[in-house]
file input_22.txt (compact mmCIF, C-alpha atoms)
# COMPACT_ATOMS: atom_id res chain seq x y z
CA MET V 28 -101.97 -98.58 2.66
CA THR V 29 -99.01 -98.42 0.28
CA SER V 30 -97.28 -95.31 -0.91
CA THR V 31 -95.28 -94.64 -4.03
CA ALA V 32 -91.93 -92.92 -4.22
CA GLY V 33 -93.67 -89.84 -5.55
CA ASP V 34 -95.99 -89.72 -2.51
CA ARG V 35 -93.27 -90.28 0.06
CA PRO V 36 -92.15 -87.08 1.76
CA THR V 37 -88.41 -86.52 1.77
CA ARG V 38 -86.75 -86.16 5.12
CA PRO V 39 -83.41 -84.48 5.60
CA ARG V 40 -80.75 -86.82 6.89
CA GLY V 41 -79.35 -84.14 9.18
CA PRO V 42 -79.79 -80.53 10.23
CA ALA V 43 -80.28 -78.01 7.45
CA TRP V 44 -76.85 -76.46 8.09
CA ALA V 45 -75.03 -79.83 7.94
CA GLY V 46 -74.58 -79.79 4.19
CA ARG V 47 -72.38 -81.93 1.99
CA ASN V 48 -69.18 -79.94 2.58
CA TYR V 49 -69.65 -79.93 6.35
CA SER V 50 -70.27 -83.69 6.40
CA LEU V 51 -67.22 -84.41 4.23
CA LEU V 52 -64.99 -82.13 6.30
CA THR V 53 -66.12 -83.69 9.57
CA THR V 54 -65.71 -87.26 8.33
CA ALA V 55 -62.26 -86.56 6.91
CA ALA V 56 -61.18 -84.81 10.12
CA ILE V 57 -62.24 -87.82 12.18
CA VAL V 58 -60.24 -90.14 9.90
CA THR V 59 -57.06 -88.10 10.11
CA GLY V 60 -57.57 -87.46 13.83
CA LEU V 61 -57.61 -91.18 14.52
CA GLY V 62 -54.47 -91.74 12.48
CA ALA V 63 -52.41 -88.68 13.36
CA ASN V 64 -52.75 -88.90 17.13
CA GLY V 65 -51.63 -92.50 17.08
CA SER V 66 -48.71 -91.65 14.82
CA LEU V 67 -47.34 -89.12 17.32
CA ILE V 68 -46.86 -91.96 19.79
CA ALA V 69 -45.53 -94.23 17.05
CA ALA V 70 -42.93 -91.70 15.91
CA ALA V 71 -41.56 -91.33 19.44
CA PHE V 72 -41.24 -95.09 19.90
CA ALA V 73 -39.73 -95.47 16.43
CA VAL V 74 -36.95 -93.12 17.51
CA LEU V 75 -36.43 -95.01 20.77
CA ASP V 76 -36.52 -98.43 19.05
CA ALA V 77 -33.82 -97.20 16.66
CA GLY V 78 -31.52 -96.50 19.61
CA GLY V 79 -32.37 -92.85 20.17
CA ASP V 80 -32.85 -91.15 23.49
CA GLY V 81 -35.15 -88.44 24.83
CA GLY V 82 -33.10 -85.74 23.13
CA ASP V 83 -33.55 -87.46 19.77
CA VAL V 84 -37.31 -87.67 20.34
CA GLY V 85 -37.28 -83.93 20.99
CA LEU V 86 -35.33 -83.29 17.78
CA VAL V 87 -37.85 -85.22 15.72
CA ALA V 88 -40.73 -83.36 17.36
CA ALA V 89 -39.02 -80.02 16.74
CA SER V 90 -38.50 -80.99 13.11
CA ARG V 91 -42.26 -80.93 12.70
CA THR V 92 -42.81 -77.64 14.51
CA LEU V 93 -40.15 -75.58 12.72
CA PRO V 94 -41.55 -75.83 9.15
CA LEU V 95 -45.04 -75.43 10.57
CA VAL V 96 -44.05 -72.02 11.94
CA VAL V 97 -42.04 -71.05 8.84
CA PHE V 98 -44.68 -71.88 6.23
CA LEU V 99 -47.95 -71.10 8.02
CA LEU V 100 -48.35 -67.55 6.74
CA ILE V 101 -47.49 -68.59 3.18
CA GLY V 102 -49.96 -71.46 3.52
CA GLY V 103 -52.72 -69.04 4.52
CA ALA V 104 -52.06 -66.79 1.53
CA VAL V 105 -52.00 -69.75 -0.85
CA ALA V 106 -55.26 -71.10 0.58
CA ASP V 107 -57.03 -67.77 -0.03
CA ARG V 108 -55.63 -67.61 -3.59
CA LEU V 109 -56.18 -71.19 -4.81
CA PRO V 110 -59.25 -73.43 -4.35
CA ARG V 111 -58.97 -74.47 -0.72
CA HIS V 112 -59.93 -78.09 -1.29
CA ARG V 113 -57.02 -78.50 -3.72
CA VAL V 114 -54.59 -77.13 -1.16
CA MET V 115 -56.00 -79.55 1.41
CA VAL V 116 -55.74 -82.55 -0.92
CA ALA V 117 -52.17 -81.67 -1.91
CA ALA V 118 -51.19 -81.30 1.76
CA ASN V 119 -52.82 -84.64 2.59
CA GLY V 120 -50.87 -86.20 -0.28
CA LEU V 121 -47.59 -84.89 1.13
CA ASN V 122 -48.48 -86.18 4.60
CA CYS V 123 -49.45 -89.55 3.16
CA LEU V 124 -46.18 -89.86 1.25
CA SER V 125 -43.98 -88.82 4.18
CA GLN V 126 -45.71 -91.18 6.61
CA ALA V 127 -45.61 -94.06 4.13
CA VAL V 128 -41.84 -93.67 3.65
CA PHE V 129 -41.38 -93.33 7.42
CA ALA V 130 -43.36 -96.54 7.94
CA ALA V 131 -41.36 -98.38 5.28
CA LEU V 132 -38.06 -97.34 6.87
CA VAL V 133 -39.21 -98.52 10.29
CA LEU V 134 -40.62 -101.81 9.01
CA THR V 135 -37.63 -102.73 6.82
CA GLY V 136 -34.70 -101.71 8.97
CA GLU V 137 -33.27 -99.14 11.31
CA PRO V 138 -34.18 -95.61 10.22
CA ARG V 139 -31.55 -92.96 10.78
CA LEU V 140 -32.24 -89.89 12.85
CA TRP V 141 -31.78 -87.48 9.93
CA GLN V 142 -34.27 -89.48 7.86
CA MET V 143 -36.90 -89.35 10.58
CA MET V 144 -36.30 -85.63 11.07
CA LEU V 145 -36.63 -84.95 7.34
CA LEU V 146 -39.83 -86.96 6.96
CA THR V 147 -41.33 -85.35 10.04
CA ALA V 148 -40.41 -81.92 8.64
CA LEU V 149 -42.28 -82.77 5.43
CA GLY V 150 -45.31 -83.62 7.57
CA GLY V 151 -45.06 -80.27 9.33
CA THR V 152 -44.85 -78.50 5.97
CA GLY V 153 -48.00 -80.23 4.82
CA GLN V 154 -49.74 -79.22 8.04
CA ALA V 155 -48.70 -75.58 7.51
CA PHE V 156 -50.54 -75.45 4.20
CA PHE V 157 -53.43 -77.67 5.30
CA SER V 158 -54.52 -75.98 8.52
CA PRO V 159 -55.38 -72.48 7.20
CA ALA V 160 -57.11 -73.97 4.15
CA ALA V 161 -59.11 -76.39 6.30
CA GLU V 162 -60.24 -73.73 8.78
CA GLY V 163 -61.25 -71.37 5.98
CA MET V 164 -63.12 -74.18 4.22
CA LEU V 165 -64.96 -75.19 7.38
CA MET V 166 -66.05 -71.64 8.16
CA SER V 167 -67.27 -71.07 4.62
CA SER V 168 -69.30 -74.30 4.71
CA VAL V 169 -71.69 -73.04 7.42
CA GLU V 170 -74.15 -70.18 7.17
CA GLY V 171 -76.63 -68.55 9.51
CA ASP V 172 -77.05 -68.47 13.25
CA GLN V 173 -76.33 -72.20 13.65
CA ALA V 174 -72.62 -71.69 12.95
CA GLY V 175 -71.67 -71.97 16.61
CA ARG V 176 -73.48 -75.27 16.98
CA ALA V 177 -71.88 -76.58 13.80
CA PHE V 178 -68.40 -75.69 15.03
CA ALA V 179 -69.14 -77.25 18.42
CA LEU V 180 -70.19 -80.54 16.83
CA PHE V 181 -67.18 -80.50 14.53
CA ARG V 182 -64.81 -79.91 17.43
CA MET V 183 -66.54 -82.55 19.54
CA ALA V 184 -66.03 -85.09 16.74
CA THR V 185 -62.39 -84.19 16.23
CA GLN V 186 -61.58 -84.12 19.94
CA GLY V 187 -63.21 -87.52 20.31
CA ALA V 188 -61.14 -88.81 17.40
CA ALA V 189 -57.99 -87.44 19.03
CA LEU V 190 -58.79 -89.29 22.25
CA GLY V 191 -59.58 -92.50 20.42
CA GLY V 192 -56.57 -92.18 18.14
CA ALA V 193 -54.15 -91.75 21.02
CA ALA V 194 -55.59 -94.72 22.91
CA LEU V 195 -55.74 -96.93 19.81
CA GLY V 196 -52.30 -95.83 18.66
CA GLY V 197 -50.72 -96.64 22.01
CA ALA V 198 -52.31 -100.09 22.01
CA LEU V 199 -51.23 -100.80 18.42
CA VAL V 200 -47.66 -99.67 19.06
CA ALA V 201 -47.50 -102.16 21.91
CA ALA V 202 -49.16 -104.92 19.87
CA VAL V 203 -47.67 -104.63 16.35
CA GLY V 204 -44.97 -101.96 16.59
CA PRO V 205 -44.70 -98.33 15.50
CA GLY V 206 -44.13 -99.05 11.80
CA TRP V 207 -47.62 -100.41 11.24
CA VAL V 208 -49.18 -97.49 13.11
CA LEU V 209 -47.33 -95.08 10.81
CA ALA V 210 -48.60 -97.07 7.83
CA VAL V 211 -52.16 -96.78 9.12
CA ASP V 212 -51.69 -93.02 9.43
CA ALA V 213 -50.50 -92.85 5.81
CA ALA V 214 -53.62 -94.72 4.73
CA ALA V 215 -55.78 -92.36 6.81
CA PHE V 216 -54.29 -89.34 5.01
CA ALA V 217 -54.97 -91.00 1.66
CA LEU V 218 -58.61 -91.67 2.56
CA ALA V 219 -59.12 -88.18 3.96
CA GLY V 220 -57.59 -86.61 0.87
CA ALA V 221 -59.94 -88.61 -1.32
CA LEU V 222 -62.94 -87.38 0.68
CA ARG V 223 -61.76 -83.77 0.53
CA ALA V 224 -61.38 -83.97 -3.23
CA PHE V 225 -65.20 -84.04 -3.43
CA LEU V 226 -65.64 -80.72 -1.61
CA ASP V 227 -67.65 -78.14 -3.53
CA VAL V 228 -66.11 -74.65 -3.76
CA GLY V 229 -68.71 -73.25 -6.15
CA HIS V 230 -70.14 -71.02 -3.41
CA ILE V 231 -66.80 -69.25 -2.93
CA ARG V 232 -66.43 -66.15 -5.05
CA PRO V 233 -63.37 -66.35 -7.36
CA ARG V 234 -60.49 -64.10 -6.43
CA ALA V 235 -59.94 -61.12 -8.69
CA PRO V 236 -56.70 -61.35 -10.72
CA GLY V 237 -53.77 -59.18 -9.79
CA GLY V 238 -51.39 -58.75 -6.92
CA GLY V 239 -49.10 -61.48 -5.71
CA LEU V 240 -48.17 -63.53 -2.70
CA LEU V 241 -46.54 -60.60 -0.88
CA ALA V 242 -49.58 -58.42 -1.56
CA ASP V 243 -51.80 -61.15 -0.15
CA LEU V 244 -49.64 -61.41 2.95
CA ARG V 245 -49.78 -57.64 3.47
CA GLU V 246 -53.56 -57.65 3.06
CA GLY V 247 -53.89 -60.47 5.58
CA TRP V 248 -51.60 -58.64 8.02
CA ARG V 249 -53.72 -55.52 7.71
CA GLU V 250 -56.89 -57.50 8.35
CA PHE V 251 -55.24 -59.07 11.39
CA THR V 252 -53.71 -55.96 12.97
CA GLY V 253 -56.75 -53.78 12.28
CA ARG V 254 -58.89 -55.71 14.75
CA PRO V 255 -57.63 -55.32 18.34
CA TRP V 256 -59.76 -58.21 19.64
CA LEU V 257 -58.17 -60.48 17.04
CA TRP V 258 -54.50 -59.75 17.56
CA GLY V 259 -55.01 -59.29 21.31
CA ILE V 260 -56.37 -62.81 21.76
CA VAL V 261 -53.77 -64.31 19.43
CA VAL V 262 -50.99 -62.72 21.51
CA GLN V 263 -52.73 -63.95 24.67
CA PHE V 264 -52.77 -67.53 23.41
CA SER V 265 -49.25 -67.42 22.02
CA ILE V 266 -48.11 -67.01 25.64
CA ALA V 267 -50.76 -69.21 27.26
CA ASN V 268 -50.20 -72.10 24.84
CA ALA V 269 -46.44 -71.85 25.31
CA VAL V 270 -46.48 -72.09 29.10
CA VAL V 271 -49.17 -74.79 29.11
CA ALA V 272 -47.09 -76.80 26.64
CA ALA V 273 -44.06 -76.45 28.90
CA ALA V 274 -46.08 -77.59 31.91
CA ASP V 275 -47.61 -80.56 30.05
CA ALA V 276 -44.57 -81.71 28.10
CA VAL V 277 -41.79 -81.10 30.63
CA TYR V 278 -43.00 -80.55 34.18
CA GLY V 279 -46.05 -82.82 34.15
CA PRO V 280 -44.16 -86.06 33.47
CA LEU V 281 -41.55 -85.13 36.11
CA VAL V 282 -44.18 -84.43 38.77
CA ALA V 283 -45.96 -87.65 37.82
CA ARG V 284 -42.74 -89.63 38.16
CA ASP V 285 -41.85 -88.14 41.55
CA SER V 286 -45.24 -87.67 43.23
CA LEU V 287 -48.18 -89.18 41.32
CA GLY V 288 -47.16 -92.74 40.54
CA GLY V 289 -45.54 -92.55 37.13
CA ALA V 290 -46.58 -92.37 33.50
CA GLY V 291 -49.91 -94.15 33.94
CA PRO V 292 -51.59 -91.51 36.11
CA TRP V 293 -50.19 -88.72 33.92
CA GLY V 294 -51.61 -90.37 30.81
CA LEU V 295 -55.00 -90.57 32.51
CA ALA V 296 -54.73 -86.90 33.46
CA LEU V 297 -54.14 -85.96 29.82
CA ALA V 298 -57.06 -88.18 28.84
CA ALA V 299 -59.23 -86.35 31.38
CA PHE V 300 -58.33 -83.06 29.71
CA GLY V 301 -59.31 -84.54 26.35
CA ALA V 302 -62.58 -85.81 27.77
CA GLY V 303 -63.22 -82.32 29.11
CA THR V 304 -62.83 -80.82 25.64
CA VAL V 305 -65.48 -83.21 24.33
CA ALA V 306 -67.79 -82.21 27.18
CA GLY V 307 -67.15 -78.53 26.52
CA ALA V 308 -67.98 -78.92 22.85
CA LEU V 309 -71.15 -80.78 23.78
CA LEU V 310 -72.13 -77.90 26.07
CA MET V 311 -71.63 -75.43 23.21
CA THR V 312 -74.08 -77.29 21.00
CA ARG V 313 -76.74 -75.94 23.39
CA TRP V 314 -75.31 -72.75 24.85
CA ARG V 315 -75.08 -69.68 22.62
CA PRO V 316 -73.56 -66.85 24.68
CA ARG V 317 -74.51 -63.41 23.37
CA ARG V 318 -71.12 -61.86 24.13
CA LEU V 319 -68.97 -64.40 22.37
CA LEU V 320 -65.49 -63.29 23.29
CA LEU V 321 -66.31 -62.23 26.84
CA ALA V 322 -67.78 -65.65 27.65
CA GLY V 323 -64.94 -67.43 25.90
CA THR V 324 -62.16 -65.40 27.51
CA LEU V 325 -63.57 -65.82 31.01
CA CYS V 326 -63.43 -69.56 30.39
CA VAL V 327 -59.68 -69.37 29.74
CA PHE V 328 -58.83 -68.59 33.38
CA PRO V 329 -59.27 -72.27 34.46
CA LEU V 330 -56.48 -73.18 32.03
CA ALA V 331 -54.14 -72.05 34.82
CA LEU V 332 -55.46 -74.72 37.18
CA PRO V 333 -53.46 -77.74 35.91
CA SER V 334 -50.14 -75.93 36.38
CA ALA V 335 -51.21 -74.86 39.88
CA ALA V 336 -52.34 -78.41 40.69
CA LEU V 337 -48.97 -79.79 39.60
CA ALA V 338 -47.18 -77.16 41.66
CA VAL V 339 -48.85 -78.30 44.90
CA PRO V 340 -49.00 -81.25 43.83
CA VAL V 341 -52.59 -82.40 44.43
CA PRO V 342 -53.71 -86.04 44.65
CA VAL V 343 -54.27 -87.75 41.33
CA GLY V 344 -58.08 -87.75 41.68
CA VAL V 345 -58.10 -83.99 42.15
CA LEU V 346 -55.72 -83.61 39.21
CA TYR V 347 -58.09 -85.59 36.97
CA ALA V 348 -60.96 -83.29 37.96
CA VAL V 349 -58.87 -80.17 37.39
CA MET V 350 -57.76 -81.37 33.96
CA PHE V 351 -61.34 -82.18 32.97
CA VAL V 352 -62.57 -78.71 33.99
CA ALA V 353 -59.70 -77.01 32.15
CA GLY V 354 -60.42 -79.00 28.99
CA ALA V 355 -64.14 -78.24 29.12
CA THR V 356 -63.75 -74.51 29.70
CA VAL V 357 -61.04 -73.96 27.10
CA GLU V 358 -63.26 -75.69 24.55
CA VAL V 359 -65.97 -73.13 25.32
CA PHE V 360 -63.42 -70.54 24.26
CA GLY V 361 -62.51 -72.54 21.14
CA VAL V 362 -66.08 -72.68 19.83
CA SER V 363 -66.71 -69.02 20.70
CA TRP V 364 -63.51 -68.02 18.92
CA MET V 365 -64.38 -69.89 15.73
CA THR V 366 -67.85 -68.38 15.76
CA ALA V 367 -66.41 -64.88 16.13
CA LEU V 368 -64.01 -65.42 13.23
CA HIS V 369 -66.81 -66.79 11.08
CA GLN V 370 -68.97 -63.78 11.89
CA GLU V 371 -66.40 -60.99 11.63
CA ILE V 372 -63.79 -61.95 9.01
CA PRO V 373 -64.55 -61.64 5.27
CA GLU V 374 -64.69 -65.02 3.57
CA ASP V 375 -61.88 -64.25 1.14
CA LYS V 376 -59.48 -63.56 4.02
CA LEU V 377 -60.41 -66.42 6.34
CA SER V 378 -57.40 -68.60 5.59
CA ARG V 379 -54.88 -65.77 5.96
CA VAL V 380 -56.36 -64.71 9.29
CA SER V 381 -56.42 -68.36 10.36
CA ALA V 382 -52.73 -68.61 9.46
CA TYR V 383 -51.87 -65.71 11.77
CA ASP V 384 -53.96 -67.38 14.47
CA TRP V 385 -52.12 -70.69 14.03
CA PHE V 386 -48.78 -68.90 13.91
CA GLY V 387 -49.46 -67.22 17.23
CA SER V 388 -50.61 -70.50 18.74
CA VAL V 389 -47.46 -72.48 17.94
CA SER V 390 -44.62 -69.99 17.46
CA LEU V 391 -43.54 -69.73 21.12
CA VAL V 392 -44.08 -73.39 22.04
CA PRO V 393 -40.58 -74.61 21.03
CA LEU V 394 -38.98 -71.72 22.92
CA ALA V 395 -41.04 -72.36 26.05
CA THR V 396 -40.29 -76.08 26.11
CA ALA V 397 -36.60 -75.36 25.53
CA LEU V 398 -36.53 -72.86 28.42
CA ALA V 399 -38.45 -75.12 30.80
CA GLY V 400 -35.27 -76.85 31.99
CA PRO V 401 -33.30 -73.65 32.65
CA ALA V 402 -36.34 -72.14 34.37
CA GLU V 403 -36.55 -75.14 36.69
CA ALA V 404 -32.86 -74.77 37.52
CA ALA V 405 -33.30 -71.06 38.26
CA PHE V 406 -36.64 -71.01 40.08
CA GLY V 407 -37.31 -74.62 41.02
CA ARG V 408 -40.00 -76.83 39.59
CA THR V 409 -42.69 -75.56 41.94
CA GLY V 410 -41.82 -71.93 41.27
CA SER V 411 -41.81 -72.52 37.51
CA LEU V 412 -45.23 -74.17 37.60
CA TRP V 413 -46.68 -71.32 39.65
CA GLY V 414 -45.13 -68.98 37.10
CA CYS V 415 -46.92 -70.84 34.29
CA ALA V 416 -50.24 -70.51 36.10
CA ALA V 417 -49.66 -66.82 36.83
CA LEU V 418 -48.83 -66.05 33.19
CA VAL V 419 -52.07 -67.64 31.99
CA VAL V 420 -54.07 -65.55 34.47
CA LEU V 421 -52.13 -62.37 33.65
CA VAL V 422 -52.45 -62.48 29.85
CA THR V 423 -56.11 -63.45 30.08
CA ALA V 424 -56.85 -60.56 32.43
CA LEU V 425 -54.97 -58.15 30.14
CA VAL V 426 -56.92 -59.15 27.05
CA LEU V 427 -60.16 -58.31 28.86
CA LEU V 428 -58.99 -54.68 28.77
CA VAL V 429 -59.65 -54.65 25.00
CA PRO V 430 -63.16 -53.14 24.59
CA ASP V 431 -64.19 -55.39 21.69
CA VAL V 432 -63.34 -58.51 23.69
CA ARG V 433 -65.93 -57.43 26.25
CA THR V 434 -68.57 -56.09 23.86
CA LEU V 435 -68.50 -58.08 20.60
CA THR V 436 -71.92 -59.72 20.30
CA ARG V 437 -73.34 -62.60 18.34
CA ARG V 438 -75.28 -61.71 15.21
CA THR V 439 -77.69 -63.88 13.27
CA GLY V 440 -76.63 -64.89 9.79
CA ARG V 441 -73.43 -64.01 7.98
CA THR V 442 -74.65 -61.67 5.30
CA SER V 443 -72.81 -58.48 6.20
CA VAL V 444 -69.25 -59.04 7.29
CA PRO V 445 -67.51 -55.87 8.48
CA ARG V 446 -64.56 -54.96 6.30
CA LEU V 447 -61.71 -52.72 7.26
CA PRO V 448 -61.13 -49.50 5.32
CA SER V 449 -59.26 -49.88 2.05
CA ALA V 450 -55.55 -49.20 1.96
CA ASP V 451 -56.05 -45.74 0.44
CA ALA V 452 -58.82 -44.70 2.81
CA GLU V 453 -58.19 -41.58 4.85
CA SER V 454 -59.83 -42.88 8.00
CA PRO V 455 -57.57 -44.75 10.42
CA VAL V 456 -57.84 -48.49 10.77
CA GLY V 457 -59.80 -49.32 13.89
CA GLY V 458 -61.31 -52.23 15.69
CA LEU V 459 -64.84 -53.46 15.49
CA GLY V 460 -67.52 -51.77 17.52

call {"tool": "encode", "arguments": {"input": "input_22.txt", "output": "C-alpha cells"}}
result
Amino acid sequence: MTSTAGDRPTRPRGPAWAGRNYSLLTTAAIVTGLGANGSLIAAAFAVLDAGGDGGDVGLVAASRTLPLVVFLLIGGAVADRLPRHRVMVAANGLNCLSQAVFAALVLTGEPRLWQMMLLTALGGTGQAFFSPAAEGMLMSSVEGDQAGRAFALFRMATQGAALGGAALGGALVAAVGPGWVLAVDAAAFALAGALRAFLDVGHIRPRAPGGGLLADLREGWREFTGRPWLWGIVVQFSIANAVVAAADAVYGPLVARDSLGGAGPWGLALAAFGAGTVAGALLMTRWRPRRLLLAGTLCVFPLALPSAALAVPVPVGVLYAVMFVAGATVEVFGVSWMTALHQEIPEDKLSRVSAYDWFGSVSLVPLATALAGPAEAAFGRTGSLWGCAALVVLVTALVLLVPDVRTLTRRTGRTSVPRLPSADAESPVGGLG
C-alpha cells in the first residue's frame, strides 16, 4: 500500500525540548570545543617553537585569563541588554580574527612574545563577552521539567568535544605544527559564529528602555547577593577551582615526572578526568535529584581526591580511577547547578548572574597557580597537595551550612521564577525558601 505525503504522519527528529536553538547551540559548542581545546596545546608549542621557555608559556596563558576576569561582568550586562546571539557572534568573530592572525604569524615566521600575548588577550576578551551570553541563551532555549536532561546532554557533548579536541590537537601539532592547528581553530570559530547567527531570540522579552550599564551591573549584583545559595556556592568554587588548578597545572606534572613515569601517564590521568565528566553527564540524563543543590554539593567532596592521590602518591592505575570518579561526580554538580540557575533566576538576568558565576570560577586561579611554587617551598609538595585537598573539603562542608543549599528543590516547568524585592521595597532582601 502506498501513502501520500498528506497521509504520512510527521515524526519529531528529536525530543520535544530539543528545539532549533538548542540544536544550533549544541552543534556550535561541539565545533568550537574541538578547535579551542586543540589550540591551547598549539599555543603552548608555538611559544616553545619560537624560543620561549616555560615562563613565556605562562605569560601567554595569563594574557588570556586577565581580560577574561576584567571584562566578564561587563560582558554579562551587555548580554542581558543586547540580543544574546549578536553578542555571541561578535565574540566568535573576534576569536576567529585573533586566532587567524596568530596562525599567520606562526606559519610565516617567528612570532614575538608580545604579539602572542596580545592576540591571546583578544581571545580572552572575546570569551568574557561570549560566555555569559552563551549560558543565558542556552538556559532560555529550554523549558519545562526536562531542562536538567537537556543541560546534561549539552554538557556531555561539549565535554566529549573537549576530549576529542585535545587528543586531535596534540596529534595535529605533532604532525603538521601548531600554526595549522591555530588556523583550524579560527575556522571553527567562523563556522560556529555562522551557526549562532541563526539563533531565534523572538521568545525573549525585549528589555525596557532606561538605565545604563552601571545600573545593569548593580541590578545583577543585587540578584547575585540576594540569594545566599548562589553567592555561597560561587565563593566555594572560587576557592575549590583555584586549588584544583594549582594541583593540576603545577603539582601534577611534577609528581608525574618524579613518581609516575612522566608526561604520558599524567596526560592519561587528565583524560580519565575528562572521561569521567562525560560519564557524569550521561548519568544526569537519567537521574533527576529532587534536592538539586544538596545532591550536587555532596558530589563535590570527591574533587579533593586527586590532590590527595598525588600527595601519597598512588600508583598510576589508582590515580586514573580517582580522576575518573572526580570528573563524574563534579559533573553531577555542574548539571544540578545549571538546572538550579535555570529554575531560580529570572530570564532577563541570566547572563549577569552567569557572569558573576564565571568571575568567581576564574578570578583566583591565576593567584593560586602563582602561589603554588612559594607554597611548595614553604610546606613541601606533599603538604601543599594535602592542603589543596583539605580546602576543597572545608569550603564544601561550609556551603552545606546554607539552608537553601540543603533544601532547594526541583520544580516542574519554569513559569514562575522567584524575583527578589524591588530596590525600593521595605522588606529586606533574603534568600529563597

call {"tool": "residues_near_point", "arguments": {"input": "input_22.txt", "point": "(-48.6, -78.0, 42.0)", "cutoff": "10 Å", "atoms": "only C-alpha atoms", "output": "list of chain:residue names"}}
result
V:Tyr278, V:Gly279, V:Val282, V:Leu332, V:Pro333, V:Ser334, V:Ala335, V:Ala336, V:Leu337, V:Ala338, V:Val339, V:Pro340, V:Val341, V:Pro342, V:Leu346, V:Arg408, V:Thr409, V:Gly410, V:Ser411, V:Leu412, V:Trp413, V:Ala416

call {"tool": "closest_atom_pairs", "arguments": {"input": "input_22.txt", "of": "region 301-366 of chain V", "to": "region 182-188 of chain V", "cutoff": "12 Å", "atoms": "all atoms listed in the file", "output": "CSV"}}
result
residue,atom,partner,partner_atom,distance
V:Gly301,CA,V:Gln186,CA,6.8
V:Ala302,CA,V:Gly187,CA,7.7
V:Gly303,CA,V:Gln186,CA,9.5
V:Thr304,CA,V:Gln186,CA,6.7
V:Val305,CA,V:Met183,CA,5.0
V:Ala306,CA,V:Met183,CA,7.7
V:Gly307,CA,V:Met183,CA,8.1
V:Ala308,CA,V:Met183,CA,5.1
V:Leu309,CA,V:Met183,CA,6.5
V:Leu310,CA,V:Met183,CA,9.8
V:Met311,CA,V:Met183,CA,9.5
V:Thr312,CA,V:Met183,CA,9.3
V:Gly354,CA,V:Gln186,CA,10.5
V:Ala355,CA,V:Met183,CA,10.8
V:Val357,CA,V:Arg182,CA,12.0
V:Glu358,CA,V:Arg182,CA,8.4
V:Val359,CA,V:Arg182,CA,10.5
V:Phe360,CA,V:Arg182,CA,11.7
V:Gly361,CA,V:Arg182,CA,8.6
V:Val362,CA,V:Arg182,CA,7.7
V:Ser363,CA,V:Arg182,CA,11.5
V:Met365,CA,V:Arg182,CA,10.2

call {"tool": "residues_around", "arguments": {"input": "input_22.txt", "residues": "Val114 (chain V)", "least_positions_apart": "3", "cutoff": "12 Å", "atoms": "only C-alpha atoms", "output": "ChimeraX atom specification"}}
result
/V:101-111,117-121,153-164,220,223-224,226,378

call {"tool": "write_last_selection", "arguments": {"input": "input_22.txt", "atoms": "C-alpha atoms", "output": "PDB file, in the coordinates of the input"}}
result
ATOM      1  CA  ILE V 101     -47.490 -68.590   3.180  1.00  0.00           C
ATOM      2  CA  GLY V 102     -49.960 -71.460   3.520  1.00  0.00           C
ATOM      3  CA  GLY V 103     -52.720 -69.040   4.520  1.00  0.00           C
ATOM      4  CA  ALA V 104     -52.060 -66.790   1.530  1.00  0.00           C
ATOM      5  CA  VAL V 105     -52.000 -69.750  -0.850  1.00  0.00           C
ATOM      6  CA  ALA V 106     -55.260 -71.100   0.580  1.00  0.00           C
ATOM      7  CA  ASP V 107     -57.030 -67.770  -0.030  1.00  0.00           C
ATOM      8  CA  ARG V 108     -55.630 -67.610  -3.590  1.00  0.00           C
ATOM      9  CA  LEU V 109     -56.180 -71.190  -4.810  1.00  0.00           C
ATOM     10  CA  PRO V 110     -59.250 -73.430  -4.350  1.00  0.00           C
ATOM     11  CA  ARG V 111     -58.970 -74.470  -0.720  1.00  0.00           C
ATOM     12  CA  ALA V 117     -52.170 -81.670  -1.910  1.00  0.00           C
ATOM     13  CA  ALA V 118     -51.190 -81.300   1.760  1.00  0.00           C
ATOM     14  CA  ASN V 119     -52.820 -84.640   2.590  1.00  0.00           C
ATOM     15  CA  GLY V 120     -50.870 -86.200  -0.280  1.00  0.00           C
ATOM     16  CA  LEU V 121     -47.590 -84.890   1.130  1.00  0.00           C
ATOM     17  CA  GLY V 153     -48.000 -80.230   4.820  1.00  0.00           C
ATOM     18  CA  GLN V 154     -49.740 -79.220   8.040  1.00  0.00           C
ATOM     19  CA  ALA V 155     -48.700 -75.580   7.510  1.00  0.00           C
ATOM     20  CA  PHE V 156     -50.540 -75.450   4.200  1.00  0.00           C
ATOM     21  CA  PHE V 157     -53.430 -77.670   5.300  1.00  0.00           C
ATOM     22  CA  SER V 158     -54.520 -75.980   8.520  1.00  0.00           C
ATOM     23  CA  PRO V 159     -55.380 -72.480   7.200  1.00  0.00           C
ATOM     24  CA  ALA V 160     -57.110 -73.970   4.150  1.00  0.00           C
ATOM     25  CA  ALA V 161     -59.110 -76.390   6.300  1.00  0.00           C
ATOM     26  CA  GLU V 162     -60.240 -73.730   8.780  1.00  0.00           C
ATOM     27  CA  GLY V 163     -61.250 -71.370   5.980  1.00  0.00           C
ATOM     28  CA  MET V 164     -63.120 -74.180   4.220  1.00  0.00           C
ATOM     29  CA  GLY V 220     -57.590 -86.610   0.870  1.00  0.00           C
ATOM     30  CA  ARG V 223     -61.760 -83.770   0.530  1.00  0.00           C
ATOM     31  CA  ALA V 224     -61.380 -83.970  -3.230  1.00  0.00           C
ATOM     32  CA  LEU V 226     -65.640 -80.720  -1.610  1.00  0.00           C
ATOM     33  CA  SER V 378     -57.400 -68.600   5.590  1.00  0.00           C
TER      34      SER V 378
END

call {"tool": "closest_residue", "arguments": {"input": "input_22.txt", "among": "V:Leu61, V:Ala71, V:Leu149, V:Leu330", "to": "Gly204 (chain V)", "atoms": "only C-alpha atoms"}}
result
V:Ala71

call {"tool": "closest_residue", "arguments": {"input": "input_22.txt", "among": "V:Leu257, V:Leu67, V:Val327, V:Leu75", "to": "Ala189 (chain V)", "atoms": "only C-alpha atoms"}}
result
V:Leu67

call {"tool": "closest_residue", "arguments": {"input": "input_22.txt", "among": "V:Thr324, V:Thr396, V:Thr152, V:Ser390", "to": "Thr423 (chain V)", "atoms": "all atoms listed in the file"}}
result
V:Thr324

call {"tool": "atom_distance", "arguments": {"input": "input_22.txt", "atom1": "CA of Thr147 (chain V)", "atom2": "CA of Ser90 (chain V)"}}
result
6.0 Å

call {"tool": "residues_near_point", "arguments": {"input": "input_22.txt", "point": "(-57.3, -87.8, 1.8)", "cutoff": "10 Å", "atoms": "only C-alpha atoms", "output": "list in words"}}
result
Ala55, Ala56, Val58, Thr59, Met115, Val116, Ala117, Ala118, Asn119, Gly120, Asn122, Cys123, Ala213, Ala214, Ala215, Phe216, Ala217, Leu218, Ala219, Gly220, Ala221, Leu222, Arg223 and Ala224 of chain V
